[in-house]
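This report refers to the structure that appears directly beneath it.
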Amino acid sequence: MFGIRPRPINRKWWGLVFVLPVVAFFALFSVFPVMFGFYLSLTDYDLLSPPEWVGLENFRNLFTDRLFLTALDNTLVFVAGSTVPVWFASLLAALVFDQAFRGRDILKATFFLPVLPPVVVIAVVWRMLLHPNGIMTWLVGSFRGISEIRWLADTVLAPLSMIVVHDWAVIPFFMMIWLAGLAGISPELREAAHIDGANAVRTFWHIELPQLRGTAVLVAALSTINAFQTFTLQYVLSPDPGGPANSTLVLGLLVLKYGFQYFRMGDAAAVSVVMFAIILAVTAAQLRFNRRAT
Amino acid sequence: MMRTVKATRGRLLLCIAMAVCVIVGVNRAIAEQVIVKMWMHEHPPRIAIDKSIIAAFEQANPDVKIQYEVIPVAEYGTKLLTAFASGAGPDLFNQFSGLVAQYYNARVIAPVDFAAMGYADEAALTSQYLNGFDGARFAGRLYGIPTEVSNWACYANNKIWKEAGLDPGHDFPTTWEALPAIAEKLTQRDANGVPLRRGFDFNWSNRNAVWMTSSTMLHQLGGNIVDEASYKATLDTSAGRRVMQYWADWANRRRLGGPQYTDSRTDFLAGRLAMECSFGIWGVPQMKDAKIDYTVKPAPRFADAVSDNGFDAYAFYMMVNARSPAVTQKAAWKLARSYVDHATDLFTGAGLFVPRKEVMDLPSYKADPTSAVFIEELKKAKFSPRVVGYDQVADTILRGRDRMVQGGEPVADVLPAMNDDMNAILRRERARAEAMAK
Amino acid sequence: MNLRRISAGPALFLIALAVAALFAFPIWFMVTSAFKAEGEIQAIPIHWLPHDFQWFARFREAADFAPLWRYFFNSTVYSLVHVGVTVFFGALAGFGFAKYRFPGHTFLFFFVISTMMIPFQVLVVPLFIEIKAFGWENSYAGLIIPGMMNAFGVFMMRQYAAELPDELLEAARVDGAGEFHIFLRIVMPLLVPALASLAIIVFIWAWGAFLWPLVIVQDRELNVLAVGLTNYSQPYQRQPMWGAAMAASTVATIPIACLFVFFQRYFIKGLTAAAVKG
């Protein structure tokens, strides 16, 4: 025997060895590209010739770029249209499915179906349903004798359709988050309220809602960030990505348009940097809210 | 014994010498063998003909090897750009005339090398054709050879016309002003006035179709989408306003159709449209497949048109990569010559027309009555303006049109902004192209 | 469990039924349309069930028009690689961050976690240029490798690994086990439930990946199902083929539906964990 093996001193380096693969991976495929993206946003690059430094000109141009302003506007409308209704609707759904009644589990699973297919599938199915002379027109319009509703070709209906489809697809998911939050409320609290004679509504308002603040903020933040980055829905649901008069052109689509249709890589990078900044701001706001809640 | 050894050694040396000679010779042959990378867009009937042309060429030129690749249309533009960007662009490729300007501005295409093609000069080539070269001519020099020249005319579905009591031969409208009335007679509507079958509708969704149709109508009025000399958009003019108003009225006031219909060509082939004007002569086989009994008529003109032109012409040009080695470029031009010499095969086998004497002398071509209509229109046709940033400018027109047609905004309000946007794009793209061509 | 009065039961049932039906109807329509004749799909009034049951005609149509099974294969490979790599290296790194105090471990952890905040739109253009520089564009490598690790996996596994009792690990060390051996033989088996949830959520994300395959792949044969689906809804110069689109959509939904049916517990746990990490 050569004495005690110096294990405790060497052991910690194993940790480094274990984490190295992921660190290297993210350095190469996440962090470096982000840095490169920041650099690109300061250049003019069309793929055919080397990037040309232009400083902050791309960002300055965005202020007067009609396409960008339209995309920003559309994205904000989409985010508002999805976050607010989704927050309320998913909470309501959670409250309903939190009750015990016969058939609840089956109905909950049925309600949950929209979460299963990938976004592409949802977009393809709804594109068929929203044909101007198709199923949804018949369901909605047949009472008033309307035979054609241009869900996706009208400059007002198109963005509305996007919002409705998106909401339909995510409400069950957020219901699940609310349910998890509700499940975290200790039964004793409710029992105490019940013993004190509180009815369902008062119990909810005074006991459960305060406990759900963390979940509430989470749902709001998650649905905002998710809606902000929306891309696939607008790309696949619309017969012409961007929609009539660019009414469904969102920031995610604009990055693709600038980068891979017009080959204005610098502008594409600049738009994505703006998106990143906004998302960071929302996340920061969420963290602050959480800190105050706890 | 000694002699045998010497003899053996001698023979061995001879063998080695011969082997060395063969190896060096083969290496030299391989080294001298030129490889030409050829990219064409996907057009299924033409692919077999391409391959036979290439096989014949390789046989006649054993020192040249062709790497042939077919790329789907939707990806073709992107793939070309990314390939050029990484220095791996094809040596010989064809592309739609609307997109040629960007290659010219980036200096990736080479002027036509007539000597390498085997022509004494430019006239020796162009004299074989009626026209079709204008789309690839920049600053007086030619940069591409047409492998297909096309213009559109109007196809009428005889059966539907007869059912409505009309005869395409006599009743076909010769002016845009007369078109709505005829289209209305051919339109069938439901109780709400929504068309179940349309008489005529424009091709609203294909970006190239919108570009060329608006260019055609503007040319007739003496205007243009973009003035190539000054590189400025000229849509905010009385001519531009008139064309846009016509479209807005078509969809909103007369309700004869509109951009909610996304595929006029398929609709015509399926009998949902009585008249369609975005097919070229290459539409004839498709009509036959769809069993449509048709009549071809020239495009309508404006009653007070200053120019008697039909639909703009467009072409597919075969071009050579300016960044390829000189020897490869020469081989590529030689292949291009062989390719265009097979013009009659390309027409009979794939319906691809070039206005070349041998093609126009073909009995099958002469016998077909539609040929006469197309060639007459082609003689009067102009090319649409060639611009850098074509995709962006065309998209701007499409979106502006959406606002006027689908959004119902007044033409006078939308056009100035649209024109400004187009000018901004043209300015920027031209500056970029010039900066990067250095 | 709730102690509310259940006399509202039948009313609740009806509300829940209406809501569930409303939300489930498009999915029902998708699946039934995959078995209808083309003309019947858009028929008005709605045919809730196929009047002329077609068996697999629409599926065959879909497979004839585009390489449907190739797309399915590509998506499977893509998703399984992502799951395997994320789960294994996520657990490995999570364990490393949780149980080893090496210099820089805090910094490196935040380095990795911060990548979760990066929206993909920021990455798509520079990543494309980078992958092209590697010569990987339009290849399996370029398609699969750039996203195959997921920082969320590291985050989640670190949380679970941190809860493992140190005594267990010490005991193994005393017995002479190497560190990697400890990870493989002791830590991984203990993490299985968490790994299952992670695997499911990563599979769902990978299966639905759209933007990256759209951008990096040009050959049809390499494409994933998500992008391939658009062949049916937006075919080049043709009317959409709804029957084939519904058939292909159903095919695209089946794997996730199976995961949901057989592993519902892990499914829910995984989704919730991914959300709550925020």
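Chain labels follow the order of the structure tokens: the first chain is A, the next B, and so on; residue numbering restarts at 1 in every chain, and ligands are counted from 1 in their shown order.
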
Tell me the residues of chain B close to chain C, meaning within 8 Å using only C-alpha atoms, as an NGL selection string. :B and (74-75 or 79 or 86 or 263 or 266)

If DSSP is run on the backbone, what residues of range 227-359 of chain B are alpha helix (DSSP H)? A reply as an NGL selection string would be ideal. :B and (238-248 or 264-269 or 284-289 or 326-341 or 343-350 or 357-359)

Just the selected residues (C-alpha atoms), exported as a JSON list (two decimals), in the first residue's frame, please.
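Result saved to again.json:
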[["chain", "number", "residue", "atom", "x", "y", "z"],
["B", 238, "SER", "CA", -51.85, 58.11, -63.80],
["B", 239, "ALA", "CA", -51.06, 54.86, -65.59],
["B", 240, "GLY", "CA", -50.27, 53.10, -62.32],
["B", 241, "ARG", "CA", -53.38, 54.44, -60.65],
["B", 242, "ARG", "CA", -55.49, 53.28, -63.54],
["B", 243, "VAL", "CA", -54.17, 49.72, -63.44],
["B", 244, "MET", "CA", -54.58, 49.43, -59.66],
["B", 245, "GLN", "CA", -58.07, 50.88, -59.81],
["B", 246, "TYR", "CA", -58.99, 48.35, -62.47],
["B", 247, "TRP", "CA", -57.93, 45.53, -60.17],
["B", 248, "ALA", "CA", -59.69, 47.01, -57.16],
["B", 264, "SER", "CA", -56.17, 30.64, -61.37],
["B", 265, "ARG", "CA", -54.22, 28.20, -63.55],
["B", 266, "THR", "CA", -55.42, 25.13, -61.67],
["B", 267, "ASP", "CA", -58.93, 26.58, -61.57],
["B", 268, "PHE", "CA", -58.97, 26.98, -65.34],
["B", 269, "LEU", "CA", -57.72, 23.44, -65.89],
["B", 284, "VAL", "CA", -51.06, 23.43, -74.63],
["B", 285, "PRO", "CA", -50.02, 19.96, -73.33],
["B", 286, "GLN", "CA", -51.67, 20.78, -70.00],
["B", 287, "MET", "CA", -54.90, 21.69, -71.80],
["B", 288, "LYS", "CA", -54.78, 18.40, -73.62],
["B", 289, "ASP", "CA", -54.23, 16.48, -70.39],
["B", 326, "ALA", "CA", -11.22, 29.99, -67.84],
["B", 327, "VAL", "CA", -10.92, 26.50, -69.27],
["B", 328, "THR", "CA", -14.14, 25.42, -67.54],
["B", 329, "GLN", "CA", -15.95, 28.49, -68.80],
["B", 330, "LYS", "CA", -14.98, 27.71, -72.37],
["B", 331, "ALA", "CA", -16.19, 24.13, -72.02],
["B", 332, "ALA", "CA", -19.42, 25.45, -70.49],
["B", 333, "TRP", "CA", -20.06, 27.76, -73.44],
["B", 334, "LYS", "CA", -19.41, 24.88, -75.79],
["B", 335, "LEU", "CA", -22.01, 22.85, -73.95],
["B", 336, "ALA", "CA", -24.41, 25.79, -74.10],
["B", 337, "ARG", "CA", -23.98, 25.87, -77.86],
["B", 338, "SER", "CA", -24.75, 22.17, -78.10],
["B", 339, "TYR", "CA", -27.78, 22.71, -75.88],
["B", 340, "VAL", "CA", -29.36, 25.50, -77.90],
["B", 341, "ASP", "CA", -28.66, 23.63, -81.12],
["B", 343, "ALA", "CA", -33.92, 23.66, -79.78],
["B", 344, "THR", "CA", -36.28, 21.55, -81.89],
["B", 345, "ASP", "CA", -35.93, 18.57, -79.53],
["B", 346, "LEU", "CA", -36.65, 20.80, -76.56],
["B", 347, "PHE", "CA", -39.78, 22.07, -78.23],
["B", 348, "THR", "CA", -41.19, 18.79, -79.44],
["B", 349, "GLY", "CA", -40.19, 16.90, -76.32],
["B", 350, "ALA", "CA", -40.80, 19.44, -73.56],
["B", 357, "LYS", "CA", -35.89, 29.51, -87.29],
["B", 358, "GLU", "CA", -35.76, 25.68, -87.11],
["B", 359, "VAL", "CA", -38.38, 25.62, -84.39]]

Within 7 Å of chain A: residues of chain B, using only C-alpha atoms, as a PyMOL selection string: chain B and resi 81-82+84-85+260+391-392+399-400+402-403+406-407+436

Please produce a file of those selected residues containing C-alpha atoms, as a PDB file, in the first residue's frame.
ATOM      1  CA  LEU B  81     -27.226  32.044 -53.939  1.00  0.00           C
ATOM      2  CA  THR B  82     -25.862  29.929 -51.132  1.00  0.00           C
ATOM      3  CA  PHE B  84     -22.272  31.192 -55.098  1.00  0.00           C
ATOM      4  CA  ALA B  85     -21.685  32.503 -51.603  1.00  0.00           C
ATOM      5  CA  GLN B 260     -58.931  35.073 -52.230  1.00  0.00           C
ATOM      6  CA  ASP B 391     -38.246  39.646 -54.787  1.00  0.00           C
ATOM      7  CA  GLN B 392     -38.575  42.592 -52.448  1.00  0.00           C
ATOM      8  CA  ARG B 399     -48.816  43.842 -50.462  1.00  0.00           C
ATOM      9  CA  GLY B 400     -49.813  47.251 -51.761  1.00  0.00           C
ATOM     10  CA  ASP B 402     -53.673  43.654 -51.055  1.00  0.00           C
ATOM     11  CA  ARG B 403     -54.335  46.903 -49.253  1.00  0.00           C
ATOM     12  CA  GLN B 406     -58.631  43.234 -50.166  1.00  0.00           C
ATOM     13  CA  GLY B 407     -58.385  46.038 -47.668  1.00  0.00           C
ATOM     14  CA  MET B 436     -20.060  44.474 -53.390  1.00  0.00           C
TER      15      MET B 436
END

I want to know what sits within 7 Å of range 222-228 of chain B, based on only C-alpha atoms, with residues of the same chain fewer than 4 positions away left out; could you give that as number ranges by chain? B: 215, 218, 232-235, 239, 306-307, 385

Next, write the just-selected residues to a file, as a PDB file, in the first residue's frame, keeping N, CA and C atoms as the atom set.
ATOM      1  N   SER B 215     -46.893  44.924 -65.409  1.00  0.00           N
ATOM      2  CA  SER B 215     -45.953  45.498 -66.365  1.00  0.00           C
ATOM      3  C   SER B 215     -46.587  45.605 -67.746  1.00  0.00           C
ATOM      4  N   LEU B 218     -49.175  48.373 -67.821  1.00  0.00           N
ATOM      5  CA  LEU B 218     -48.513  49.680 -67.772  1.00  0.00           C
ATOM      6  C   LEU B 218     -47.838  50.012 -69.090  1.00  0.00           C
ATOM      7  N   LYS B 232     -35.949  54.115 -60.937  1.00  0.00           N
ATOM      8  CA  LYS B 232     -36.973  54.613 -60.022  1.00  0.00           C
ATOM      9  C   LYS B 232     -38.313  53.941 -60.333  1.00  0.00           C
ATOM     10  N   ALA B 233     -39.085  53.699 -59.282  1.00  0.00           N
ATOM     11  CA  ALA B 233     -40.407  53.126 -59.469  1.00  0.00           C
ATOM     12  C   ALA B 233     -41.335  54.190 -60.042  1.00  0.00           C
ATOM     13  N   THR B 234     -42.152  53.779 -60.991  1.00  0.00           N
ATOM     14  CA  THR B 234     -43.043  54.753 -61.629  1.00  0.00           C
ATOM     15  C   THR B 234     -44.486  54.290 -61.531  1.00  0.00           C
ATOM     16  N   LEU B 235     -44.850  53.781 -60.358  1.00  0.00           N
ATOM     17  CA  LEU B 235     -46.219  53.321 -60.193  1.00  0.00           C
ATOM     18  C   LEU B 235     -47.153  54.438 -59.754  1.00  0.00           C
ATOM     19  N   ALA B 239     -50.979  56.214 -65.043  1.00  0.00           N
ATOM     20  CA  ALA B 239     -51.064  54.863 -65.587  1.00  0.00           C
ATOM     21  C   ALA B 239     -51.142  53.844 -64.449  1.00  0.00           C
ATOM     22  N   VAL B 306     -51.249  53.353 -75.865  1.00  0.00           N
ATOM     23  CA  VAL B 306     -50.273  53.979 -76.767  1.00  0.00           C
ATOM     24  C   VAL B 306     -49.341  52.921 -77.346  1.00  0.00           C
ATOM     25  N   SER B 307     -49.331  51.746 -76.746  1.00  0.00           N
ATOM     26  CA  SER B 307     -48.454  50.690 -77.239  1.00  0.00           C
ATOM     27  C   SER B 307     -49.279  49.425 -77.434  1.00  0.00           C
ATOM     28  N   PRO B 385     -39.294  45.075 -66.657  1.00  0.00           N
ATOM     29  CA  PRO B 385     -38.047  45.691 -66.176  1.00  0.00           C
ATOM     30  C   PRO B 385     -37.231  44.742 -65.316  1.00  0.00           C
TER      31      PRO B 385
END

DSSP on the backbone: which residues in range 127-341 of chain B end up as strand (DSSP E or B)? Give the answer as a short mmCIF file (atom, residue, chain, number, x, y, z; two decimals) with C-alpha atoms, in the first residue's frame.
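For reference, part.cif as written:
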data_model
loop_
_atom_site.label_atom_id
_atom_site.label_comp_id
_atom_site.auth_asym_id
_atom_site.auth_seq_id
_atom_site.Cartn_x
_atom_site.Cartn_y
_atom_site.Cartn_z
CA TYR B 129 -33.67 34.00 -83.61
CA ARG B 137 -28.49 42.23 -72.31
CA PHE B 138 -26.83 44.64 -69.91
CA ARG B 141 -23.39 43.12 -73.79
CA LEU B 142 -25.08 39.76 -73.81
CA ILE B 145 -28.50 32.41 -74.10
CA PRO B 146 -32.25 31.80 -74.10
CA THR B 147 -33.28 28.18 -73.60
CA GLU B 148 -36.91 29.14 -73.44
CA VAL B 149 -38.73 32.30 -74.46
CA SER B 150 -42.30 32.61 -73.45
CA ASN B 151 -45.14 35.04 -73.49
CA ALA B 153 -51.94 34.78 -74.19
CA CYS B 154 -55.51 34.14 -73.16
CA TYR B 155 -57.06 30.71 -73.21
CA ALA B 156 -60.86 30.39 -73.40
CA ASN B 157 -62.75 27.25 -72.43
CA THR B 175 -60.09 45.68 -74.63
CA GLN B 188 -72.30 31.79 -62.26
CA ARG B 189 -73.22 33.07 -58.82
CA PRO B 195 -69.16 33.42 -57.77
CA LEU B 196 -69.40 29.66 -58.06
CA ARG B 197 -67.71 29.76 -61.41
CA ARG B 198 -65.86 32.80 -62.62
CA GLY B 199 -65.74 34.09 -66.17
CA PHE B 200 -62.26 35.49 -65.91
CA VAL B 226 -39.67 50.73 -62.86
CA ASP B 227 -37.76 52.95 -65.21
CA LYS B 232 -36.97 54.61 -60.02
CA ALA B 233 -40.41 53.13 -59.47
CA LEU B 273 -62.75 29.49 -64.74
CA ALA B 274 -63.94 30.23 -68.27
CA MET B 275 -60.89 32.26 -69.33
CA GLU B 276 -57.32 32.56 -68.08
CA CYS B 277 -54.37 34.59 -69.26
CA SER B 278 -51.21 33.34 -67.57
CA PHE B 279 -50.38 30.37 -69.73
CA TYR B 294 -59.77 25.79 -75.98
CA THR B 295 -59.26 28.83 -78.12
CA VAL B 296 -56.24 31.09 -77.78
CA LYS B 297 -56.71 34.84 -78.14
CA ARG B 301 -55.44 46.15 -74.68
CA ALA B 313 -42.10 38.18 -72.61
CA TYR B 314 -39.89 36.32 -70.22
CA ALA B 315 -37.16 33.82 -70.78
CA PHE B 316 -34.93 31.31 -69.15
CA TYR B 317 -31.33 32.11 -69.84
CA MET B 318 -28.35 29.80 -69.71
CA MET B 319 -25.43 31.56 -68.07
CA VAL B 320 -21.84 30.81 -67.16
CA ASN B 321 -20.22 31.41 -63.79
#

Between CA of Gln286 in chain A and CA of Arg190 in chain A, what distance in Å does the model show, to one decimal?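 Interatomic distance, CA of Gln286 in chain A to CA of Arg190 in chain A: 27.8 Å.
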
Spatial neighbours of Ile182 in chain C, 8 Å, only C-alpha atoms, chain gap at least 3 places, as an MDAnalysis selection string: chainID C and resid 169 172:173 177:179 185:187
